[in-house]
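Read through the structure below, which is laid out as structure tokens, and then see the notes.
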Amino acid sequence: MSTKVPIVENVLKLNDELALQNRELFQRSGVFAVDLIGAPGAGKTALLEFTLRQLKDVINIGVIVGDPATSRDGDRLAKYSRHIVQVNTGSGCHLDANQVRHAMDKLKLADLDVLIIENVGNLICPVSFNLGQHCKIGMFSVSEGDDKAAKHPNLVVSADLLILNKMDLIPYIPFDLARFRQDVEHLNRAAPLLEISVVRNQAASWLDWLTARAGQQKSFRKAGKHKEKAVARSQR
Amino acid sequence: MHEVSIAESLIALIRRHLPAHQRLVQATVRIGPMHGIVPEAMEMAWNIASADAGWKGSRLIVMTPPWRLRCVVCGRCWEPVTVDEHCVCGAAHVEILGGDEFQLDSIDVHSAAKHRRRNTARHGRGRPRTFTRGVAHEHQSSHR
Ligand SMILES: Nc1nc2c(ncn2[C@@H]2O[C@H](COP(=O)(O)OP(=O)(O)OP(=O)(O)O)[C@@H](O)[C@H]2O)c(=O)[nH]1
Ligand SMILES: [Mg+2]
Ligand SMILES: [Zn+2]
């Protein structure tokens, strides 16, 4: 006779625990951390190149970029920032909290306002693995087809922000934009949908979103510090 | 590849709960369609990963609960075939009530010591009994 032991815990609980530690480190350093998830070739690295270029004198951005192989994305980004860490996952199809933790050790978090984690190009697996990020971003692109939001509900539901890139291709590719928007709305009305074109440098909405959120994170931290000081004073 | 890393995560989690001197017989997980897990692939992954963990012969039961949606306009709850299904009222916004499950429900364990004794009695030597390898999946079909 065997005995049944009830458990009822998230399958990825161990990853979640590490993610929580990552989150605490982000909080402590006042870093706003995002997990950027999208299919291979959606334009994730292109968006980050653009972002690093545009915000060079505004905020300090670090990037952890995951790819199965090569340091090509890392090399592309290193032209714009010295806070870049390339992670190779081999046959792994996503980044997990532990890999991110190791990559974080190579960065000076205290020097950063924002940490962007470019996940391995994949619309499925990365979604299940919490990395400790504040926000999850789901990135699609026009050339992937208008059905991708509907086919990947997990990403759409769990995203805090959704991006549709390569809007410049709309005239050349059959893509039902109304349908795509409706699929997104069906599952997630809370997350803004930003329609951008990185090659045309049309992504102001994204820069606004990022700087606003980074600013909020900084002021939370300052408020936290003030509170700590006040507590310390009152305890004196 | 997804399933392999899920199986490895499961094994690490089960280790934490496995009582001392007990052998894992079976683990039951509940994974909704949200997570894109294919039960057959999960079976392959479990066979490999559990054998590596020293639990050869243990079974993984994958329960696959159906999608359950609630229309935010009329409040109707239903089980759609696919998650992009709109409500009959025409509204195009839903809340997900079910289908996003991703949990280890329970484990079935067996006293390792007792097992060895019984085997000895039956076979007259301490040869471990072989168990069926593999996975059973109980698809809870989404009847509408
Ligand atoms: N037409 C068009 N092409 C774009 C746009 N943004 C990026 N691309 C192109 O899309 C291709 C892939 O871009 P990447 O930035 O490497 O894509 P990625 O998402 O980082 O890809 P992986 O890291 O391999 O997952 C490149 O050839 C880019 O030049 C855009 O707005 N419009
Ligand atoms: Mg890239
Ligand atoms: Zn309705």
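Quick note on naming: the chains in the structure tokens go A, B, ... in the order shown, residues restart at 1 in each chain, and ligands are numbered from 1 in order of appearance.
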Task: Proximal residues of chain A relative to chain B (only C-alpha atoms; 10 Å) as a ChimeraX atom specification - done: /A:1-15,91-94,96,124-129,149-155,157,182-189
Could you list, as a short mmCIF file (atom, residue, chain, number, x, y, z; two decimals) with C-alpha atoms, in the first residue's frame, all the residues within 8 Å of ligand 3, counting only C-alpha atoms and all ligand atoms?
data_model
loop_
_atom_site.label_atom_id
_atom_site.label_comp_id
_atom_site.auth_asym_id
_atom_site.auth_seq_id
_atom_site.Cartn_x
_atom_site.Cartn_y
_atom_site.Cartn_z
CA ARG B 70 -16.09 34.18 -17.48
CA CYS B 71 -17.55 36.91 -19.63
CA VAL B 72 -16.95 40.26 -17.93
CA VAL B 73 -20.03 41.76 -19.55
CA CYS B 74 -22.83 39.23 -18.92
CA GLY B 75 -21.11 37.09 -16.31
CA ARG B 76 -21.61 33.81 -18.14
CA HIS B 86 -15.99 34.92 -27.53
CA CYS B 87 -19.06 34.89 -25.30
CA VAL B 88 -22.42 34.24 -26.96
CA CYS B 89 -23.46 37.74 -25.85
CA GLY B 90 -20.92 39.13 -28.31
CA ALA B 91 -18.64 40.66 -25.69
#
Task: Test item: residues lying within 8 Å of ligand 2 with only C-alpha atoms and all ligand atoms, as JSON, numbers by chain - done: {"A": [40, 41, 43, 44, 45, 46, 65, 66, 67, 73, 118, 120, 121]}
Export N, CA and C atoms of the chosen residues as a PDB file, in the first residue's frame?
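Once written, part-v5.pdb looks like this:
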ATOM      1  N   PRO A  40      11.698  34.518 -31.927  1.00  0.00           N
ATOM      2  CA  PRO A  40      12.978  34.814 -32.568  1.00  0.00           C
ATOM      3  C   PRO A  40      12.754  35.823 -33.702  1.00  0.00           C
ATOM      4  N   GLY A  41      13.539  36.868 -33.708  1.00  0.00           N
ATOM      5  CA  GLY A  41      13.459  37.823 -34.809  1.00  0.00           C
ATOM      6  C   GLY A  41      12.375  38.880 -34.679  1.00  0.00           C
ATOM      7  N   GLY A  43      12.497  41.446 -33.029  1.00  0.00           N
ATOM      8  CA  GLY A  43      13.145  42.757 -32.971  1.00  0.00           C
ATOM      9  C   GLY A  43      13.488  43.186 -31.549  1.00  0.00           C
ATOM     10  N   LYS A  44      13.651  42.223 -30.677  1.00  0.00           N
ATOM     11  CA  LYS A  44      13.954  42.530 -29.276  1.00  0.00           C
ATOM     12  C   LYS A  44      15.288  43.264 -29.161  1.00  0.00           C
ATOM     13  N   THR A  45      16.333  42.706 -29.770  1.00  0.00           N
ATOM     14  CA  THR A  45      17.641  43.333 -29.669  1.00  0.00           C
ATOM     15  C   THR A  45      17.645  44.672 -30.404  1.00  0.00           C
ATOM     16  N   ALA A  46      16.958  44.725 -31.537  1.00  0.00           N
ATOM     17  CA  ALA A  46      16.876  45.994 -32.285  1.00  0.00           C
ATOM     18  C   ALA A  46      16.227  47.067 -31.418  1.00  0.00           C
ATOM     19  N   VAL A  65      21.119  39.410 -21.820  1.00  0.00           N
ATOM     20  CA  VAL A  65      20.501  38.875 -23.031  1.00  0.00           C
ATOM     21  C   VAL A  65      20.762  37.379 -23.151  1.00  0.00           C
ATOM     22  N   GLY A  66      19.673  36.627 -23.296  1.00  0.00           N
ATOM     23  CA  GLY A  66      19.768  35.175 -23.387  1.00  0.00           C
ATOM     24  C   GLY A  66      19.585  34.695 -24.812  1.00  0.00           C
ATOM     25  N   ASP A  67      20.498  33.846 -25.254  1.00  0.00           N
ATOM     26  CA  ASP A  67      20.383  33.205 -26.568  1.00  0.00           C
ATOM     27  C   ASP A  67      20.889  31.779 -26.419  1.00  0.00           C
ATOM     28  N   ASP A  73      24.115  39.066 -30.047  1.00  0.00           N
ATOM     29  CA  ASP A  73      23.254  40.115 -29.506  1.00  0.00           C
ATOM     30  C   ASP A  73      24.009  40.941 -28.466  1.00  0.00           C
ATOM     31  N   GLU A 118      16.522  40.434 -21.949  1.00  0.00           N
ATOM     32  CA  GLU A 118      16.005  39.930 -23.226  1.00  0.00           C
ATOM     33  C   GLU A 118      16.006  38.414 -23.145  1.00  0.00           C
ATOM     34  N   VAL A 120      15.252  34.382 -24.204  1.00  0.00           N
ATOM     35  CA  VAL A 120      15.500  33.595 -25.398  1.00  0.00           C
ATOM     36  C   VAL A 120      14.279  33.726 -26.324  1.00  0.00           C
ATOM     37  N   GLY A 121      14.528  33.894 -27.619  1.00  0.00           N
ATOM     38  CA  GLY A 121      13.422  34.045 -28.568  1.00  0.00           C
ATOM     39  C   GLY A 121      12.498  32.846 -28.535  1.00  0.00           C
TER      40      GLY A 121
END
Task: Neighbourhood of ligand 1 at 10 Å, counting only C-alpha atoms and all ligand atoms, reported as a VMD selection string - done: chain A and resid 36 to 50 65 to 69 72 to 74 76 118 to 123 139 to 143 164 to 170 195 to 203
Open item on the list: Given only C-alpha atoms as the basis, pick out the residue of A:Ala78, A:Leu115, A:Ala178, A:Leu131 nearest to A:Leu210.
Closed with: A:Leu115
Near stretch 107-111 of chain A, within 9 Å and counting only C-alpha atoms, which residues show up once chain neighbours fewer than 5 positions away are dropped, as an mmCIF file with C-alpha atoms, in the first residue's frame?
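Generated output (result00.cif):
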data_model
loop_
_atom_site.group_PDB
_atom_site.id
_atom_site.type_symbol
_atom_site.label_atom_id
_atom_site.label_comp_id
_atom_site.auth_asym_id
_atom_site.auth_seq_id
_atom_site.Cartn_x
_atom_site.Cartn_y
_atom_site.Cartn_z
ATOM 1 C CA LEU A 25 18.028 42.727 -5.009
ATOM 2 C CA PHE A 26 16.305 44.888 -7.643
ATOM 3 C CA ARG A 28 17.312 47.276 -2.803
ATOM 4 C CA SER A 29 19.250 48.811 -5.720
ATOM 5 C CA GLY A 30 16.274 50.786 -7.004
ATOM 6 C CA VAL A 31 16.473 49.030 -10.356
ATOM 7 C CA ASN A 60 21.410 53.982 -17.052
ATOM 8 C CA ILE A 61 20.273 50.755 -18.615
ATOM 9 C CA GLY A 62 21.780 47.317 -18.172
ATOM 10 C CA HIS A 83 26.396 47.034 -18.653
ATOM 11 C CA ILE A 84 25.697 44.070 -20.936
ATOM 12 C CA VAL A 85 25.779 40.394 -19.990
#
DSSP on the backbone: what in stretch 54-226 of chain A comes out strand (DSSP E), as a PDB file with N, CA and C atoms, in the first residue's frame?
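In the end it all went to selection14.pdb:
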ATOM      1  N   ILE A  61      20.956  52.011 -18.326  1.00  0.00           N
ATOM      2  CA  ILE A  61      20.273  50.755 -18.615  1.00  0.00           C
ATOM      3  C   ILE A  61      21.274  49.610 -18.724  1.00  0.00           C
ATOM      4  N   GLY A  62      20.987  48.534 -18.027  1.00  0.00           N
ATOM      5  CA  GLY A  62      21.780  47.317 -18.172  1.00  0.00           C
ATOM      6  C   GLY A  62      20.936  46.276 -18.891  1.00  0.00           C
ATOM      7  N   VAL A  63      21.607  45.361 -19.579  1.00  0.00           N
ATOM      8  CA  VAL A  63      20.873  44.317 -20.304  1.00  0.00           C
ATOM      9  C   VAL A  63      21.485  42.951 -20.010  1.00  0.00           C
ATOM     10  N   ILE A  64      20.624  41.994 -19.713  1.00  0.00           N
ATOM     11  CA  ILE A  64      21.015  40.583 -19.701  1.00  0.00           C
ATOM     12  C   ILE A  64      20.329  39.980 -20.904  1.00  0.00           C
ATOM     13  N   VAL A  65      21.119  39.410 -21.820  1.00  0.00           N
ATOM     14  CA  VAL A  65      20.501  38.875 -23.031  1.00  0.00           C
ATOM     15  C   VAL A  65      20.762  37.379 -23.151  1.00  0.00           C
ATOM     16  N   GLY A  66      19.673  36.627 -23.296  1.00  0.00           N
ATOM     17  CA  GLY A  66      19.768  35.175 -23.387  1.00  0.00           C
ATOM     18  C   GLY A  66      19.585  34.695 -24.812  1.00  0.00           C
ATOM     19  N   ASP A  67      20.498  33.846 -25.254  1.00  0.00           N
ATOM     20  CA  ASP A  67      20.383  33.205 -26.568  1.00  0.00           C
ATOM     21  C   ASP A  67      20.889  31.779 -26.419  1.00  0.00           C
ATOM     22  N   ILE A  84      26.355  45.108 -20.134  1.00  0.00           N
ATOM     23  CA  ILE A  84      25.697  44.070 -20.936  1.00  0.00           C
ATOM     24  C   ILE A  84      26.232  42.698 -20.526  1.00  0.00           C
ATOM     25  N   VAL A  85      25.350  41.760 -20.268  1.00  0.00           N
ATOM     26  CA  VAL A  85      25.779  40.394 -19.990  1.00  0.00           C
ATOM     27  C   VAL A  85      25.068  39.440 -20.939  1.00  0.00           C
ATOM     28  N   GLN A  86      25.853  38.684 -21.692  1.00  0.00           N
ATOM     29  CA  GLN A  86      25.274  37.679 -22.593  1.00  0.00           C
ATOM     30  C   GLN A  86      25.229  36.339 -21.871  1.00  0.00           C
ATOM     31  N   VAL A  87      24.084  35.676 -21.912  1.00  0.00           N
ATOM     32  CA  VAL A  87      23.943  34.342 -21.338  1.00  0.00           C
ATOM     33  C   VAL A  87      23.647  33.378 -22.476  1.00  0.00           C
ATOM     34  N   ASN A  88      24.382  32.264 -22.531  1.00  0.00           N
ATOM     35  CA  ASN A  88      24.056  31.223 -23.517  1.00  0.00           C
ATOM     36  C   ASN A  88      23.382  30.064 -22.810  1.00  0.00           C
ATOM     37  N   VAL A 114      17.639  50.854 -14.808  1.00  0.00           N
ATOM     38  CA  VAL A 114      16.776  49.874 -15.462  1.00  0.00           C
ATOM     39  C   VAL A 114      17.608  48.656 -15.839  1.00  0.00           C
ATOM     40  N   LEU A 115      17.037  47.477 -15.641  1.00  0.00           N
ATOM     41  CA  LEU A 115      17.641  46.257 -16.160  1.00  0.00           C
ATOM     42  C   LEU A 115      16.632  45.599 -17.089  1.00  0.00           C
ATOM     43  N   ILE A 116      17.042  45.430 -18.347  1.00  0.00           N
ATOM     44  CA  ILE A 116      16.162  44.743 -19.291  1.00  0.00           C
ATOM     45  C   ILE A 116      16.725  43.351 -19.534  1.00  0.00           C
ATOM     46  N   ILE A 117      15.886  42.355 -19.348  1.00  0.00           N
ATOM     47  CA  ILE A 117      16.304  40.980 -19.600  1.00  0.00           C
ATOM     48  C   ILE A 117      15.679  40.549 -20.914  1.00  0.00           C
ATOM     49  N   GLU A 118      16.522  40.434 -21.949  1.00  0.00           N
ATOM     50  CA  GLU A 118      16.005  39.930 -23.226  1.00  0.00           C
ATOM     51  C   GLU A 118      16.006  38.414 -23.145  1.00  0.00           C
ATOM     52  N   CYS A 135       8.078  43.921 -14.391  1.00  0.00           N
ATOM     53  CA  CYS A 135       7.113  43.869 -15.485  1.00  0.00           C
ATOM     54  C   CYS A 135       7.533  42.852 -16.535  1.00  0.00           C
ATOM     55  N   LYS A 136       6.529  42.237 -17.104  1.00  0.00           N
ATOM     56  CA  LYS A 136       6.767  41.294 -18.190  1.00  0.00           C
ATOM     57  C   LYS A 136       6.256  41.954 -19.465  1.00  0.00           C
ATOM     58  N   ILE A 137       7.086  41.929 -20.509  1.00  0.00           N
ATOM     59  CA  ILE A 137       6.686  42.543 -21.774  1.00  0.00           C
ATOM     60  C   ILE A 137       6.575  41.464 -22.839  1.00  0.00           C
ATOM     61  N   GLY A 138       5.446  41.439 -23.509  1.00  0.00           N
ATOM     62  CA  GLY A 138       5.256  40.504 -24.612  1.00  0.00           C
ATOM     63  C   GLY A 138       5.424  41.258 -25.913  1.00  0.00           C
ATOM     64  N   MET A 139       6.365  40.800 -26.752  1.00  0.00           N
ATOM     65  CA  MET A 139       6.632  41.497 -28.010  1.00  0.00           C
ATOM     66  C   MET A 139       6.278  40.609 -29.204  1.00  0.00           C
ATOM     67  N   PHE A 140       5.434  41.140 -30.060  1.00  0.00           N
ATOM     68  CA  PHE A 140       5.093  40.468 -31.307  1.00  0.00           C
ATOM     69  C   PHE A 140       5.577  41.350 -32.446  1.00  0.00           C
ATOM     70  N   SER A 141       5.576  40.804 -33.671  1.00  0.00           N
ATOM     71  CA  SER A 141       5.904  41.653 -34.809  1.00  0.00           C
ATOM     72  C   SER A 141       5.002  41.274 -35.984  1.00  0.00           C
ATOM     73  N   LEU A 161       2.820  44.771 -20.421  1.00  0.00           N
ATOM     74  CA  LEU A 161       2.887  45.652 -21.586  1.00  0.00           C
ATOM     75  C   LEU A 161       3.017  44.762 -22.808  1.00  0.00           C
ATOM     76  N   LEU A 162       2.318  45.129 -23.883  1.00  0.00           N
ATOM     77  CA  LEU A 162       2.431  44.368 -25.125  1.00  0.00           C
ATOM     78  C   LEU A 162       2.927  45.300 -26.218  1.00  0.00           C
ATOM     79  N   ILE A 163       3.820  44.769 -27.052  1.00  0.00           N
ATOM     80  CA  ILE A 163       4.392  45.559 -28.132  1.00  0.00           C
ATOM     81  C   ILE A 163       4.146  44.842 -29.451  1.00  0.00           C
ATOM     82  N   LEU A 164       3.734  45.594 -30.440  1.00  0.00           N
ATOM     83  CA  LEU A 164       3.661  45.052 -31.801  1.00  0.00           C
ATOM     84  C   LEU A 164       4.666  45.838 -32.633  1.00  0.00           C
ATOM     85  N   ASN A 165       5.731  45.152 -33.061  1.00  0.00           N
ATOM     86  CA  ASN A 165       6.823  45.805 -33.796  1.00  0.00           C
ATOM     87  C   ASN A 165       6.664  45.583 -35.309  1.00  0.00           C
ATOM     88  N   LEU A 193      -1.098  48.318 -25.404  1.00  0.00           N
ATOM     89  CA  LEU A 193      -0.505  47.729 -26.606  1.00  0.00           C
ATOM     90  C   LEU A 193       0.180  48.859 -27.374  1.00  0.00           C
ATOM     91  N   LEU A 194       1.513  48.766 -27.503  1.00  0.00           N
ATOM     92  CA  LEU A 194       2.261  49.798 -28.212  1.00  0.00           C
ATOM     93  C   LEU A 194       2.603  49.309 -29.606  1.00  0.00           C
ATOM     94  N   GLU A 195       2.213  50.060 -30.610  1.00  0.00           N
ATOM     95  CA  GLU A 195       2.499  49.676 -31.996  1.00  0.00           C
ATOM     96  C   GLU A 195       3.662  50.516 -32.487  1.00  0.00           C
TER      97      GLU A 195
END
TODO: Take atom CA of A:Leu207 and atom CA of A:Asp57 and report the distance between them in Å, one decimal.
DONE: 12.9 Å
Task: Computed interatomic separation between atom CA of A:Gly215 and atom CA of A:Arg82 (Å) - done: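 Value for the atom CA of A:Gly215-atom CA of A:Arg82 distance: 21.5 Å.
The coordinates place atom CA of B:Trp55 at 11.6 Å from atom CA of B:Ala112.
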